[in-house]
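See below for the structure under consideration.
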Amino acid sequence: MLELQGVTQIFGGVTALEDVCFTASAGDITGVIGPNGAGKTTLFNIVTGIYSQTSGRVLFEGRDVSGLPPEKLATVGIVRTFQNIELFANMTVLENVMVGLHTRSRSGLLACSLRMPWAMREERQIRGEAVKWLEFAGIAELADVEAGNLPFGKGRLLEIARAMALQPRILLMDEPAAGLNSRETMGLAALIRQIRDMGVTVMLVEHDMELVMDICDRIVVLNLGRKLAEGTPRQIQDNPDVVAAYLGVDE
Amino acid sequence: MKRELMKFLLFAIPMLLLPLALQGGYMLNVMVFVGINTMLAVALNLLLGYAGQISLGHAGFFGLGAYISGALTTISGLNPWLAMPLAALVVGLLAFGIGFPILKLKGHYLAMATLGLGIIIYIAFNETVTLTGGPSGLSGIPNLSLGGFVFDSDLKNYYLIWFFTLLVVLFSLNLAGSRIGRALRAVHDSEVAARVVGVNARLLKVQIFTLSAVICSLAGSLYAHTMTFLAPASFGFHFSVELLTMVVIGGLGSVYGSFLGAALLTLLPEFLRAAHDYDIVIYGILLIVMVMFMPGGLVRGVPEIYRKLASRRGNAADA
């Protein structure tokens, strides 16, 4: 599904990522973990077109998508969420999700301004579908709230609803549990599973080990910009290198 | 949607009836300028209030529309109705071409770049004497006419200008409420998030910059054909700043707010004329007070004050 081939990123003289290779398989929830500074977010930013890597390739369903801008990737089916949630703060919750349907609607500037019947019909479709995704995320009752006034946990759900509205092939989530309390995290785990069951491949960077071990099918461990290990949650937990990276070497 | 239409009619019908109340005279002429400035402020608001991109060069696009229309009709003797879309086309192409490099810039840098653009255009008006008449101006521009009907009086011009103003307002309201308007506001709030959900922010910014410039050009052409005389001074940096003030005072991201801002800044100098030399001071103080106490502009500030007064009255009644 998503394949990284020798991805290397050098910022100035600092090597943030070095020759990282792995594959996220279709229908899996793949977790990327690692201590702070391991390069997880850098990796995400490369895959989602925010940075372009120094070398290496990113393949999506066999097609080279390296260096494509985020808006192109979104139309291909690669959509992400952010660690510090990026919402459209001055727009309502419903409008946020309606923007998520931008790529799946096509009325142009003139058709919209002249209220052409097809543009009006499309607008109604967008609204209806946006409501559906709010219901999916369980925040339909907040539809008319300004997104900037949402509590963090609800903002996270909104960001997921907005991303899902694009009907992505793969959803990349940067620390989705960050800032959530334990109840919200449990809800998030259920939601992520539900997304996977809808046929969307999921890849996430996460610090909450419990969540990662609970929901991920495969885990990739990064340390100091290199891939340290890869495997099922059980294999990762039993891997002495991983334990050493996280806890230091036992005497 | 019904409510939107009602609001528009509540705006449009009084504007169409206003000449009856004014009964000709000087104020009618001032209201023609209110119409032109409303078009310009709405155009700038689409860019600034919705897409969040500043321009300090919009007087330049206004001037280009005016001068292209003026030159084509006086020098080449073209029909004004042909000159107007031709001017709009030229200005649109120019804005589209310049938009790609210039809109890569953000914030202050974009302000500086558009400022430069406005100044270059202003200098061109002064220097291309054979086309524009230079500093001494371009005169003898024909009025618009339909068949034998010539738009040559204040009353006729009022309806001509306000026909186009209402069209621009309606067009912009529709745009603002559509998927394009939403995408613009999304780019304004978080460009990176907008791009991640598939909004081509760069192209969209250039498109709205172009549309904004085209509306300014249209307003410029109408200005040329109603005034019949053009001088570069009307299209300088000062006027760009005045347009910006209209948009901010009226309310960013509100089409009706732009009308309020345009009306206030066009009418105020007329009323302050009685204060002789102090009008500029009063004007300045008003602007400062407005920005300090109504940062959301008239369109949001006035209802808020009303609400506060109402609740205070309610409290007083309780006590």
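In the structure tokens, the first chain shown is A, the next is B, and so on; residue numbers restart at 1 for each chain, and ligands run from 1 in the order shown.
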
task: Compile the contact shell of A:Pro168 as a list in words: residues with an atom at most 7 Å away, counting only C-alpha atoms, same-chain residues fewer than 6 positions apart removed.
output: Gly77, Ile78, Val79 and Val200 of chain A

Save out the residues we just selected, N, CA and C atoms, as a PDB file, in the first residue's frame.
ATOM      1  N   GLY A  77      -5.488  10.069  -2.284  1.00  0.00           N
ATOM      2  CA  GLY A  77      -6.066   9.268  -1.207  1.00  0.00           C
ATOM      3  C   GLY A  77      -5.208   9.198   0.041  1.00  0.00           C
ATOM      4  N   ILE A  78      -4.203  10.081   0.127  1.00  0.00           N
ATOM      5  CA  ILE A  78      -3.359  10.126   1.324  1.00  0.00           C
ATOM      6  C   ILE A  78      -3.742  11.368   2.130  1.00  0.00           C
ATOM      7  N   VAL A  79      -4.316  11.165   3.292  1.00  0.00           N
ATOM      8  CA  VAL A  79      -4.791  12.281   4.104  1.00  0.00           C
ATOM      9  C   VAL A  79      -4.234  12.131   5.508  1.00  0.00           C
ATOM     10  N   VAL A 200     -10.120   1.522   5.237  1.00  0.00           N
ATOM     11  CA  VAL A 200      -9.099   2.567   5.140  1.00  0.00           C
ATOM     12  C   VAL A 200      -7.856   2.101   5.893  1.00  0.00           C
TER      13      VAL A 200
END

- request: For chain A, work out the contacting residues on chain B at 12 Å, counting only C-alpha atoms, and write them as a ChimeraX atom specification.
  value: /B:1,49-50,167-204,207-208,210-211,253

query: Could you name the residues that touch stretch 83-95 of chain B at 7 Å or less, counting only C-alpha atoms, but leaving out those on the same chain fewer than 4 positions away, as a PyMOL selection string?
result: chain B and resi 61+64-65+68-69+72-73+78-79+99+209-210+213-214+217-218+221

message: Using only C-alpha atoms, can you tell me which of B:Met227, B:Leu268, B:Ala66, B:Leu44 comes closest to B:Asn143?
response: B:Met227

field: Close residues, B:Leu222 itself excluded, 12 Å, only C-alpha atoms, min 5 positions apart in chain, as a PyMOL selection string
entry: chain B and resi 32-33+35-37+39-40+62-70+80-81+83-85+87-88+141-145+151+157-165+215-217+227-230

task: Quick one: everything within 9 Å of A:Ala189, counting only C-alpha atoms, minus sequence neighbours fewer than 5 positions away in the same chain. Send it as a VMD selection string.
output: chain A and resid 177 184 194 211 214 to 215

Restricting it to N, CA and C atoms, dump the selection as a CSV table (one decimal), in the first residue's frame.
chain,number,residue,atom,x,y,z
A,177,ALA,N,-3.6,10.4,20.1
A,177,ALA,CA,-4.1,10.4,21.5
A,177,ALA,C,-3.5,11.5,22.3
A,184,GLU,N,-11.4,9.4,26.5
A,184,GLU,CA,-11.3,9.8,25.1
A,184,GLU,C,-10.4,8.9,24.3
A,194,GLN,N,-12.8,1.2,13.7
A,194,GLN,CA,-13.9,1.4,12.8
A,194,GLN,C,-13.5,1.9,11.5
A,211,LEU,N,-2.1,2.2,23.8
A,211,LEU,CA,-3.0,2.4,22.6
A,211,LEU,C,-2.3,1.7,21.4
A,214,ASP,N,-2.4,-2.0,21.7
A,214,ASP,CA,-3.8,-2.5,21.6
A,214,ASP,C,-4.3,-2.5,20.2
A,215,ILE,N,-4.1,-1.5,19.4
A,215,ILE,CA,-4.8,-1.4,18.1
A,215,ILE,C,-3.9,-1.7,16.9

- request: Please provide the set of residues having any atom within 8 Å of A:Glu230, restricted to only C-alpha atoms, with same-chain residues fewer than 3 positions apart removed, written as number ranges by chain.
  value: A: 218-221, 227, 236
